[in-house]
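**Q** Got a structure for you, data_1.cif, holding mmCIF, C-alpha atoms (C1' of nucleotides).
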data_target
loop_
_atom_site.label_atom_id
_atom_site.label_comp_id
_atom_site.auth_asym_id
_atom_site.auth_seq_id
_atom_site.Cartn_x
_atom_site.Cartn_y
_atom_site.Cartn_z
CA MET A 28 0.00 0.00 0.00
CA THR A 29 2.75 2.41 0.86
CA LEU A 30 4.44 1.42 -2.36
CA VAL A 31 1.37 2.21 -4.36
CA ARG A 32 1.11 5.57 -2.70
CA SER A 33 4.69 6.53 -3.44
CA GLU A 34 4.24 5.30 -6.98
CA LYS A 35 1.37 7.69 -7.44
CA ARG A 36 3.50 10.43 -6.03
CA THR A 37 6.27 9.66 -8.49
CA ARG A 38 3.79 9.65 -11.32
CA ARG A 39 2.47 13.06 -10.33
CA ARG A 40 5.96 14.47 -10.11
CA ARG A 41 6.61 13.13 -13.57
CA GLN A 42 3.46 14.85 -14.85
CA ILE A 43 4.51 18.10 -13.23
CA LEU A 44 7.98 18.01 -14.76
CA ASP A 45 6.61 17.11 -18.18
CA ALA A 46 4.16 19.99 -18.02
CA ALA A 47 6.90 22.40 -17.01
CA TRP A 48 9.13 21.27 -19.91
CA ALA A 49 6.22 21.59 -22.30
CA ILE A 50 5.55 25.18 -21.26
CA ALA A 51 9.25 25.99 -21.49
CA ALA A 52 9.42 24.53 -24.98
CA GLU A 53 6.43 26.52 -26.15
CA SER A 54 6.99 29.87 -24.51
CA GLY A 55 10.44 29.92 -22.92
CA LEU A 56 11.88 28.90 -19.62
CA GLY A 57 10.91 32.19 -18.02
CA ALA A 58 7.31 31.64 -18.98
CA VAL A 59 6.86 28.64 -16.69
CA THR A 60 4.38 29.57 -13.98
CA LEU A 61 2.93 27.38 -11.27
CA HIS A 62 -0.58 28.23 -12.35
CA GLU A 63 0.03 27.03 -15.88
CA VAL A 64 1.81 23.88 -14.73
CA ALA A 65 -1.10 23.05 -12.44
CA ARG A 66 -3.63 23.77 -15.15
CA ARG A 67 -1.97 21.28 -17.48
CA VAL A 68 -1.63 18.61 -14.84
CA GLY A 69 -5.28 19.03 -14.00
CA ILE A 70 -4.97 20.20 -10.42
CA ARG A 71 -5.11 23.57 -8.68
CA GLN A 72 -2.01 25.63 -8.24
CA PRO A 73 -1.80 25.33 -4.41
CA SER A 74 -1.77 21.55 -4.75
CA LEU A 75 1.61 21.79 -6.44
CA TYR A 76 3.15 22.66 -3.11
CA VAL A 77 2.72 19.07 -2.04
CA TYR A 78 5.31 18.14 -4.68
CA VAL A 79 7.47 21.23 -4.91
CA GLU A 80 8.70 23.63 -2.27
CA SER A 81 8.80 26.74 -4.41
CA LYS A 82 9.18 27.87 -7.94
CA LEU A 83 12.97 27.88 -7.80
CA ASN A 84 12.74 24.39 -6.39
CA LEU A 85 10.80 23.39 -9.49
CA TYR A 86 13.61 24.72 -11.67
CA ASP A 87 16.05 22.70 -9.63
CA ALA A 88 13.95 19.59 -10.14
CA MET A 89 13.99 20.27 -13.88
CA PHE A 90 17.76 20.68 -13.75
CA ALA A 91 18.23 17.32 -12.05
CA ASP A 92 15.65 15.72 -14.32
CA ALA A 93 17.59 16.81 -17.39
CA TYR A 94 20.86 15.36 -16.14
CA GLU A 95 19.21 12.08 -15.28
CA GLU A 96 17.92 11.89 -18.82
CA LEU A 97 21.39 12.68 -20.11
CA PHE A 98 22.93 9.87 -18.06
CA THR A 99 20.32 7.48 -19.32
CA ARG A 100 21.30 8.25 -22.88
CA ILE A 101 25.00 7.97 -22.16
CA GLU A 102 24.57 4.59 -20.56
CA ALA A 103 22.35 3.39 -23.39
CA ALA A 104 25.08 4.06 -25.94
CA PRO A 105 27.56 1.40 -27.11
CA ALA A 106 30.80 1.50 -25.15
CA GLY A 107 33.62 0.11 -27.30
CA GLY A 108 36.26 1.59 -29.53
CA THR A 109 39.25 3.83 -29.06
CA ALA A 110 39.26 6.68 -26.58
CA ARG A 111 38.80 9.10 -29.46
CA GLU A 112 35.80 7.18 -30.74
CA GLN A 113 34.28 7.08 -27.31
CA LEU A 114 34.86 10.81 -26.87
CA LEU A 115 33.24 11.60 -30.19
CA ARG A 116 30.28 9.42 -29.28
CA LEU A 117 29.86 11.12 -25.91
CA SER A 118 30.20 14.56 -27.47
CA ARG A 119 27.54 13.76 -30.02
CA ILE A 120 25.15 12.59 -27.33
CA VAL A 121 25.70 15.72 -25.26
CA LEU A 122 25.41 18.09 -28.21
CA ASP A 123 22.26 16.48 -29.57
CA PHE A 124 20.81 16.49 -26.10
CA SER A 125 21.62 20.15 -25.62
CA VAL A 126 20.32 21.23 -29.00
CA GLU A 127 17.13 19.22 -28.78
CA SER A 128 15.58 21.60 -26.28
CA PRO A 129 16.56 25.27 -26.12
CA PRO A 130 15.12 25.84 -22.64
CA ARG A 131 16.98 22.81 -21.37
CA GLN A 132 20.20 24.16 -22.78
CA GLN A 133 19.40 27.48 -21.18
CA LEU A 134 18.73 25.93 -17.79
CA LEU A 135 21.73 23.60 -17.79
CA PHE A 136 24.44 25.65 -19.43
CA GLY A 137 23.40 29.25 -18.98
CA ARG A 138 22.81 31.22 -15.83
CA THR A 139 19.75 33.00 -17.01
CA ILE A 140 16.99 32.50 -14.47
CA PRO A 141 17.15 35.31 -11.90
CA GLY A 142 17.80 33.77 -8.52
CA PHE A 143 18.24 30.20 -9.66
CA GLU A 144 21.29 28.22 -8.72
CA PRO A 145 21.40 24.44 -8.78
CA SER A 146 21.35 22.82 -5.38
CA PRO A 147 24.48 20.95 -4.28
CA ALA A 148 22.88 17.64 -5.18
CA SER A 149 22.01 18.87 -8.67
CA TYR A 150 25.38 20.47 -9.15
CA GLU A 151 27.00 17.17 -8.39
CA LEU A 152 25.21 15.65 -11.36
CA ALA A 153 26.70 18.33 -13.60
CA GLU A 154 30.13 17.67 -12.18
CA ARG A 155 29.82 13.96 -12.79
CA ALA A 156 29.00 14.54 -16.45
CA LEU A 157 31.96 16.87 -16.88
CA GLN A 158 34.25 14.32 -15.25
CA ARG A 159 33.25 11.83 -17.88
CA GLY A 160 34.42 14.17 -20.63
CA ARG A 161 37.62 14.94 -18.77
CA ASN A 162 38.52 11.27 -18.48
CA LEU A 163 37.91 10.49 -22.13
CA LEU A 164 39.73 13.60 -23.22
CA ALA A 165 42.75 12.57 -21.19
CA ALA A 166 42.59 9.05 -22.58
CA ALA A 167 42.51 10.51 -26.08
CA GLY A 168 45.71 12.40 -25.39
CA ALA A 169 44.37 15.80 -24.40
CA ALA A 170 45.01 15.97 -20.70
CA SER A 171 45.73 19.66 -20.15
CA PRO A 172 43.17 21.99 -18.55
CA ALA A 173 43.48 24.28 -21.56
CA GLN A 174 42.47 21.49 -23.88
CA LEU A 175 39.50 20.64 -21.71
CA ASP A 176 38.38 24.27 -21.86
CA ALA A 177 38.85 24.41 -25.60
CA TYR A 178 36.82 21.24 -25.90
CA THR A 179 33.92 22.47 -23.77
CA ALA A 180 33.94 25.77 -25.67
CA VAL A 181 33.59 23.93 -28.95
CA VAL A 182 30.67 21.81 -27.78
CA ALA A 183 28.97 24.74 -26.06
CA GLY A 184 29.57 27.03 -29.02
CA LEU A 185 28.14 24.66 -31.59
CA GLY A 186 25.13 24.09 -29.38
CA ALA A 187 24.51 27.75 -28.69
CA GLN A 188 24.80 28.79 -32.32
CA GLN A 189 22.64 25.91 -33.49
CA VAL A 190 19.84 26.76 -31.10
CA ALA A 191 20.00 30.51 -31.62
CA ASN A 192 20.35 30.66 -35.39
CA ASP A 193 19.12 27.43 -36.92
CA PRO A 194 16.79 25.75 -34.43
CA GLY A 195 15.87 22.26 -35.52
CA GLY A 196 18.59 22.13 -38.18
CA ARG A 197 22.13 20.76 -38.40
CA ARG A 198 24.06 23.75 -39.68
CA TRP A 199 26.43 23.86 -36.71
CA THR A 200 26.09 20.46 -35.10
CA ARG A 201 27.38 18.68 -38.19
CA HIS A 202 30.82 20.14 -37.56
CA LEU A 203 31.16 18.51 -34.16
CA GLU A 204 33.49 15.66 -35.12
CA THR A 205 35.68 17.89 -37.25
CA MET A 206 36.07 20.46 -34.51
CA VAL A 207 36.68 18.03 -31.67
CA CYS A 208 39.41 16.41 -33.76
CA LEU A 209 40.80 19.88 -34.41
CA VAL A 210 41.22 20.33 -30.68
CA LEU A 211 42.63 16.83 -30.21
CA ASP A 212 45.13 17.05 -33.05
CA HIS A 213 46.17 20.67 -33.27
CA PHE A 214 45.48 22.48 -30.00
CA PRO A 215 48.87 23.09 -28.37
CA ASP A 216 49.18 20.79 -25.37
CA GLN A 217 51.48 23.15 -23.51
CA GLU A 218 50.69 26.66 -22.45
CA LYS A 219 52.75 28.89 -24.70
CA GLU A 220 52.67 31.77 -22.27
CA LEU A 221 52.37 31.50 -18.54
CA GLN A 222 50.67 34.87 -18.16
CA MET B 3 15.09 75.70 -29.17
CA THR B 4 13.93 72.57 -30.88
CA LEU B 5 17.48 71.34 -30.74
CA VAL B 6 17.67 71.88 -27.02
CA ARG B 7 14.45 70.03 -26.56
CA SER B 8 15.57 67.00 -28.59
CA GLU B 9 18.85 67.05 -26.71
CA LYS B 10 17.00 66.68 -23.45
CA ARG B 11 15.03 63.88 -24.94
CA THR B 12 18.17 62.10 -26.02
CA ARG B 13 19.63 62.53 -22.57
CA ARG B 14 16.57 61.00 -20.95
CA ARG B 15 16.64 58.06 -23.28
CA ARG B 16 20.28 57.56 -22.38
CA GLN B 17 19.36 57.60 -18.68
CA ILE B 18 16.62 55.08 -19.28
CA LEU B 19 18.90 52.70 -21.17
CA ASP B 20 21.63 53.03 -18.57
CA ALA B 21 19.18 52.24 -15.80
CA ALA B 22 17.89 49.21 -17.67
CA TRP B 23 21.42 47.88 -18.22
CA ALA B 24 22.23 48.45 -14.57
CA ILE B 25 19.23 46.44 -13.42
CA ALA B 26 20.09 43.69 -15.89
CA ALA B 27 23.65 43.56 -14.63
CA GLU B 28 22.54 43.32 -11.02
CA SER B 29 19.58 40.98 -11.26
CA GLY B 30 19.39 39.55 -14.74
CA LEU B 31 17.81 40.63 -18.00
CA GLY B 32 14.45 39.19 -16.99
CA ALA B 33 14.43 41.30 -13.86
CA VAL B 34 14.16 44.58 -15.76
CA THR B 35 10.81 46.16 -15.00
CA LEU B 36 9.47 49.51 -16.08
CA HIS B 37 8.72 50.43 -12.49
CA GLU B 38 12.30 49.87 -11.43
CA VAL B 39 13.73 51.66 -14.45
CA ALA B 40 11.55 54.68 -13.73
CA ARG B 41 12.48 54.65 -10.05
CA ARG B 42 16.19 54.83 -10.91
CA VAL B 43 15.75 57.56 -13.48
CA GLY B 44 13.75 59.55 -10.97
CA ILE B 45 10.43 59.68 -12.76
CA ARG B 46 7.16 57.78 -12.49
CA GLN B 47 6.56 54.62 -14.42
CA PRO B 48 3.85 56.02 -16.76
CA SER B 49 6.24 58.77 -17.85
CA LEU B 50 8.43 56.12 -19.47
CA TYR B 51 5.83 55.70 -22.19
CA VAL B 52 6.89 59.03 -23.62
CA TYR B 53 10.21 57.42 -24.53
CA VAL B 54 9.33 53.80 -25.02
CA GLU B 55 6.29 52.16 -26.57
CA SER B 56 6.27 49.02 -24.48
CA LYS B 57 8.51 46.76 -22.50
CA LEU B 58 9.53 44.71 -25.50
CA ASN B 59 10.30 47.97 -27.26
CA LEU B 60 12.67 48.78 -24.41
CA TYR B 61 14.47 45.47 -24.98
CA ASP B 62 14.75 46.33 -28.64
CA ALA B 63 16.23 49.72 -27.76
CA MET B 64 18.78 47.92 -25.56
CA PHE B 65 19.58 45.56 -28.42
CA ALA B 66 20.26 48.42 -30.81
CA ASP B 67 22.12 50.33 -28.12
CA ALA B 68 24.50 47.41 -27.63
CA TYR B 69 25.31 47.11 -31.31
CA GLU B 70 25.97 50.82 -31.58
CA GLU B 71 28.42 50.51 -28.73
CA LEU B 72 30.05 47.54 -30.48
CA PHE B 73 30.47 49.50 -33.72
CA THR B 74 31.98 52.38 -31.79
CA ARG B 75 34.62 50.06 -30.38
CA ILE B 76 35.33 48.46 -33.73
CA GLU B 77 35.83 51.82 -35.38
CA ALA B 78 38.02 53.03 -32.54
CA ALA B 79 40.46 50.16 -33.07
CA PRO B 80 43.57 50.44 -35.25
CA ALA B 81 42.99 49.21 -38.77
CA GLY B 82 46.28 48.01 -40.27
CA GLY B 83 48.00 44.66 -40.61
CA THR B 84 47.30 41.45 -42.44
CA ALA B 85 43.80 40.10 -42.82
CA ARG B 86 44.55 37.54 -40.12
CA GLU B 87 45.69 40.26 -37.74
CA GLN B 88 42.60 42.29 -38.43
CA LEU B 89 40.40 39.27 -37.91
CA LEU B 90 42.04 38.47 -34.59
CA ARG B 91 41.64 42.07 -33.51
CA LEU B 92 37.96 42.12 -34.44
CA SER B 93 37.37 38.78 -32.72
CA ARG B 94 38.99 40.03 -29.55
CA ILE B 95 36.83 43.14 -29.53
CA VAL B 96 33.65 41.12 -30.05
CA LEU B 97 34.55 38.51 -27.45
CA ASP B 98 35.54 41.04 -24.81
CA PHE B 99 32.40 42.99 -25.54
CA SER B 100 30.25 39.90 -25.22
CA VAL B 101 31.88 38.68 -22.04
CA GLU B 102 31.85 42.05 -20.34
CA SER B 103 28.14 41.93 -19.70
CA PRO B 104 26.27 38.64 -19.33
CA PRO B 105 22.83 40.16 -19.91
CA ARG B 106 24.07 41.87 -23.03
CA GLN B 107 25.39 38.56 -24.32
CA GLN B 108 22.07 37.01 -23.46
CA LEU B 109 20.08 39.68 -25.28
CA LEU B 110 22.29 39.80 -28.38
CA PHE B 111 23.25 36.19 -28.92
CA GLY B 112 20.58 34.15 -27.15
CA ARG B 113 16.87 34.04 -27.78
CA THR B 114 15.88 33.99 -24.16
CA ILE B 115 13.36 36.76 -23.53
CA PRO B 116 9.84 35.37 -24.11
CA GLY B 117 8.26 37.31 -26.92
CA PHE B 118 11.27 39.39 -27.85
CA GLU B 119 12.55 39.52 -31.37
CA PRO B 120 14.73 42.32 -32.67
CA SER B 121 12.97 44.74 -35.01
CA PRO B 122 14.11 44.76 -38.64
CA ALA B 123 16.17 47.88 -38.01
CA SER B 124 17.92 46.26 -35.06
CA TYR B 125 18.42 43.01 -36.90
CA GLU B 126 20.15 44.90 -39.66
CA LEU B 127 22.75 46.06 -37.16
CA ALA B 128 23.47 42.46 -36.23
CA GLU B 129 23.77 41.51 -39.88
CA ARG B 130 26.20 44.34 -40.52
CA ALA B 131 28.47 43.12 -37.73
CA LEU B 132 28.42 39.55 -39.03
CA GLN B 133 29.25 40.77 -42.53
CA ARG B 134 32.37 42.36 -41.15
CA GLY B 135 33.55 39.02 -39.80
CA ARG B 136 32.65 37.26 -43.02
CA ASN B 137 34.73 39.65 -45.10
CA LEU B 138 37.81 39.40 -42.93
CA LEU B 139 37.50 35.65 -42.72
CA ALA B 140 37.41 35.42 -46.50
CA ALA B 141 40.39 37.74 -46.79
CA ALA B 142 42.26 35.52 -44.36
CA GLY B 143 41.66 32.54 -46.60
CA ALA B 144 38.60 31.01 -44.96
CA ALA B 145 35.84 31.73 -47.40
CA SER B 146 33.59 28.70 -47.03
CA PRO B 147 30.28 28.87 -45.13
CA ALA B 148 31.44 25.95 -43.01
CA GLN B 149 34.48 27.88 -41.88
CA LEU B 150 32.36 30.89 -41.03
CA ASP B 151 30.13 28.71 -38.89
CA ALA B 152 33.11 27.09 -37.19
CA TYR B 153 34.47 30.54 -36.50
CA THR B 154 31.26 31.91 -34.99
CA ALA B 155 30.90 28.75 -32.91
CA VAL B 156 34.37 29.26 -31.46
CA VAL B 157 33.76 32.88 -30.53
CA ALA B 158 30.27 32.17 -29.17
CA GLY B 159 31.47 29.10 -27.28
CA LEU B 160 34.36 30.85 -25.57
CA GLY B 161 32.04 33.70 -24.61
CA ALA B 162 29.29 31.47 -23.30
CA GLN B 163 31.63 29.31 -21.23
CA GLN B 164 33.48 32.32 -19.86
CA VAL B 165 30.30 34.02 -18.71
CA ALA B 166 28.67 30.89 -17.31
CA ASN B 167 31.63 29.35 -15.52
CA ASP B 168 34.23 32.00 -14.80
CA PRO B 169 32.53 35.40 -14.91
CA GLY B 170 35.02 38.21 -14.75
CA GLY B 171 37.98 35.93 -15.46
CA ARG B 172 39.98 34.95 -18.53
CA ARG B 173 39.92 31.17 -18.35
CA TRP B 174 38.25 30.73 -21.75
CA THR B 175 38.78 34.06 -23.48
CA ARG B 176 42.56 33.67 -23.42
CA HIS B 177 42.30 30.85 -25.92
CA LEU B 178 40.68 33.02 -28.58
CA GLU B 179 43.69 33.62 -30.81
CA THR B 180 44.79 29.98 -30.59
CA MET B 181 41.35 28.72 -31.54
CA VAL B 182 40.67 31.15 -34.34
CA CYS B 183 44.01 30.19 -35.86
CA LEU B 184 43.03 26.56 -35.43
CA VAL B 185 40.01 27.19 -37.63
CA LEU B 186 42.02 29.24 -40.14
CA ASP B 187 44.85 26.76 -40.46
CA HIS B 188 43.33 23.34 -39.97
CA PHE B 189 39.60 23.43 -40.59
CA PRO B 190 39.02 21.63 -43.91
CA ASP B 191 38.06 24.20 -46.52
CA GLN B 192 36.01 21.76 -48.48
CA GLU B 193 33.00 19.90 -47.31
CA LYS B 194 34.12 16.29 -46.92
CA GLU B 195 30.64 14.93 -47.26
CA LEU B 196 27.81 16.53 -49.12
CA GLN B 197 25.14 15.01 -46.95
"C1'" DG C 6 -3.64 14.94 -1.48
"C1'" DT C 7 -6.70 18.14 -3.16
"C1'" DC C 8 -9.66 21.76 -2.64
"C1'" DT C 9 -11.52 26.91 -1.96
"C1'" DA C 10 -10.39 31.28 -0.61
"C1'" DT C 11 -7.44 34.82 -0.21
"C1'" DA C 12 -3.44 37.43 1.13
"C1'" DA C 13 0.14 40.32 -0.61
"C1'" DC C 14 2.25 42.03 -4.11
"C1'" DG C 15 3.89 43.62 -8.54
"C1'" DA C 16 3.50 43.80 -13.38
"C1'" DG C 17 2.26 46.55 -17.92
"C1'" DA C 18 -0.64 49.81 -19.62
"C1'" DT C 19 -4.13 53.81 -20.10
"C1'" DA C 20 -6.88 58.24 -18.92
"C1'" DG C 21 -6.74 62.65 -18.11
"C1'" DA C 22 -5.18 66.83 -15.27
"C1'" DC C 23 -1.52 70.18 -15.25
"C1'" DG D 18 6.87 65.90 -20.40
"C1'" DT D 19 5.42 64.60 -16.09
"C1'" DC D 20 2.15 63.67 -12.87
"C1'" DT D 21 -1.77 61.03 -10.05
"C1'" DA D 22 -4.97 57.60 -10.16
"C1'" DT D 23 -6.46 53.46 -11.58
"C1'" DC D 24 -7.57 49.29 -14.34
"C1'" DT D 25 -6.68 44.65 -15.14
"C1'" DC D 26 -4.31 40.94 -14.77
"C1'" DG D 27 -1.05 37.70 -13.09
"C1'" DT D 28 2.14 36.02 -9.88
"C1'" DT D 29 3.92 33.15 -5.51
"C1'" DA D 30 2.52 31.59 -1.40
"C1'" DT D 31 -0.40 30.40 2.84
"C1'" DA D 32 -4.58 28.99 5.79
"C1'" DG D 33 -7.68 25.82 6.67
"C1'" DA D 34 -11.75 22.73 5.26
"C1'" DC D 35 -12.60 18.11 3.47
#
Any chance you could put this one into structure tokens?
**A**
Amino acid sequence: MTLVRSEKRTRRRRQILDAAWAIAAESGLGAVTLHEVARRVGIRQPSLYVYVESKLNLYDAMFADAYEELFTRIEAAPAGGTAREQLLRLSRIVLDFSVESPPRQQLLFGRTIPGFEPSPASYELAERALQRGRNLLAAAGAASPAQLDAYTAVVAGLGAQQVANDPGGRRWTRHLETMVCLVLDHFPDQEKELQ
Amino acid sequence: MTLVRSEKRTRRRRQILDAAWAIAAESGLGAVTLHEVARRVGIRQPSLYVYVESKLNLYDAMFADAYEELFTRIEAAPAGGTAREQLLRLSRIVLDFSVESPPRQQLLFGRTIPGFEPSPASYELAERALQRGRNLLAAAGAASPAQLDAYTAVVAGLGAQQVANDPGGRRWTRHLETMVCLVLDHFPDQEKELQ
DNA sequence: GTCTATAACGAGATAGAC
DNA sequence: GTCTATCTCGTTATAGAC
């Protein structure tokens, strides 16, 4: 009985998150309001407070939700090949994931919601994902911090440009493999200047 | 007399834009409200409508204001050197400009304000800036559309990462010259696959 | 867990006097 | 050009009944 009850609770939370993502996709992340979420779920706005502490807490739940989805996709992918192949596969998953939903990209990789900061627990998810890239990058021969930063800039840049200027298309994302290899093969692995 | 009057008007508009940018810098672009802008300028909120048609119109004025500032900086820079030198100089100006103010970056290069789209006049300013990069890129030997996209992704990516993860620092921006040269020297100038 | 009712507030926008 | 006054609407959040 208790199990059934917590299952229902989980289901409701799922509905709430889905509704929030739907609103964000239609009208922007900043357009998510508790009234509209409740309306779509089919309950009254005060009832949301059973599942969510506050509006910022809802954003945090969305943040964590997104990373869990990302991990699911990463784990569902094939695992073999060279380090470079694995890195390219991971990069493709992350870029597609980021480009698929502009508000999700905004929530995860921008700091654009006034007052929102991921909770420690949510931030840890982000850190875990980054660690994955760091490890593969090192295994592929790019171990320096500068190379990691160049790599993240490439992935973030392709994603940002794709979403802002060709939403739904492939104009920027198709250059992912080329550009990651550019960083792997030609980015200087030693800092030229120490200042 | 008419001149004096339009001068006062211009001054007020300047005050209004400055106040809006200040609020955005302190609390985020989405936190700009007409009430708060008016409070800082020292007038009442309805008086703003003499200078601005609506809130979205204020955002558009900020958009145009930012590009005018960018052009001022570009024209103030020295003009000589090889095409590559000029391109690196322009890129540095744009990147510094973009990183200097997170809300400005958000307004210019993201599509994050629900309902806001730059007016045709404002959009033309953006197009003019991009054209400048396109010309220099071509002169530096990178004439293909793919190279232009790789270039904009690099600049946008460094800016986005810098603002999101090391605001006020140089962790990403210092790699600008290295990465632009990477695109110039090693990005394939022919599309490898036509699909 | 969901409801009604409502508090408390702030937003953008308009009318009309001065 | 600036003001007061106000409309209308929406927001987050809480209290308390069922």
**Q** Could you list, as a list in words, every residue matched by the PyMOL selection byres ((chain D and resi 22) around 12) in this structure?
**A** Pro48 of chain B; DT19, DA20, DG21 and DA22 of chain C; DC20, DT21, DT23 and DC24 of chain D
**Q** Please indicate the distance in Å from CA of Trp23 in chain B to CA of Asp176 in chain A, rounded to one decimal place.
**A**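 Taking CA of Trp23 in chain B and CA of Asp176 in chain A, their separation equals 29.3 Å.
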**Q** How close does each residue of chain A get to chain C, giving the shortest atom pair and distance in Å to one decimal for every residue with an atom at most 8 Å away, counting only C-alpha atoms (C1' of nucleotides), sorted by chain and residue number, as a tab-separated table?
**A**
residue	atom	partner	partner_atom	distance
A:Ile70	CA	C:DT7	C1'	7.7
A:Arg71	CA	C:DC8	C1'	7.8
A:Ser74	CA	C:DT7	C1'	6.2
A:Val77	CA	C:DG6	C1'	7.6
**Q** Run through the PyMOL selection byres ((chain A and resi 88-105) around 8) on the given coordinates and return the selected residues as a PyMOL selection string.
**A** chain A and resi 44+48+84-87+106-107+117+120-121+124+131+134-135+145+149+152-153+156
**Q** Please, what distance in Å, to one decimal, runs between CA of Pro141 in chain A and CA of Ala33 in chain B?
**A**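 Going from CA of Pro141 in chain A over to CA of Ala33 in chain B, I get 6.9 Å.
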**Q** What gap, in Å, lies between CA of Gly184 in chain A and CA of Pro172 in chain A?
**A**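 Answer for the CA of Gly184 in chain A to CA of Pro172 in chain A separation: 17.9 Å.
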**Q** Would you kindly translate the PyMOL selection byres ((chain D) within 12 of (chain A)) into the concrete residues it picks from this file, as a PyMOL selection string?
**A** chain D and resi 27-32
**Q** Go through chain A and flag each residue having an atom no more than 8 Å from chain B; for those, report the closest pair of atoms plus their distance in Å to one decimal, using all atoms listed in the file, ordered by chain and rising number, as a tab-separated table.
**A**
residue	atom	partner	partner_atom	distance
A:Ser54	CA	B:Pro116	CA	6.2
A:Gly55	CA	B:Pro116	CA	5.6
A:Leu56	CA	B:Thr114	CA	7.9
A:Gly57	CA	B:Pro116	CA	7.0
A:Ala58	CA	B:Pro116	CA	6.8
A:Gln133	CA	B:Thr114	CA	8.0
A:Phe136	CA	B:Ala166	CA	7.1
A:Gly137	CA	B:Ala166	CA	5.8
A:Arg138	CA	B:Ala166	CA	6.1
A:Thr139	CA	B:Gly30	CA	6.9
A:Ile140	CA	B:Gly30	CA	7.5
A:Pro141	CA	B:Gly30	CA	5.6
A:Gly142	CA	B:Ser29	CA	7.9
A:Ala173	CA	B:His177	CA	8.0
A:Asp176	CA	B:Trp174	CA	6.5
A:Ala177	CA	B:His177	CA	7.3
A:Thr179	CA	B:Gln163	CA	7.6
A:Ala180	CA	B:Gly159	CA	4.4
A:Val181	CA	B:Gly159	CA	5.8
A:Val182	CA	B:Gly159	CA	7.4
A:Ala183	CA	B:Gly159	CA	5.2
A:Gly184	CA	B:Gly159	CA	3.3
A:Leu185	CA	B:Ala155	CA	5.1
A:Ala187	CA	B:Gly159	CA	7.2
A:Gln188	CA	B:Ala155	CA	6.1
A:Ala191	CA	B:Gly112	CA	5.8
A:Arg198	CA	B:Asp151	CA	7.9
A:Trp199	CA	B:Asp151	CA	6.5
A:His202	CA	B:Ala152	CA	7.3
A:Thr205	CA	B:Phe189	CA	7.6
A:Met206	CA	B:Phe189	CA	7.6
A:Leu209	CA	B:His188	CA	7.0
A:His213	CA	B:Leu184	CA	7.0
A:Phe214	CA	B:Leu184	CA	7.2
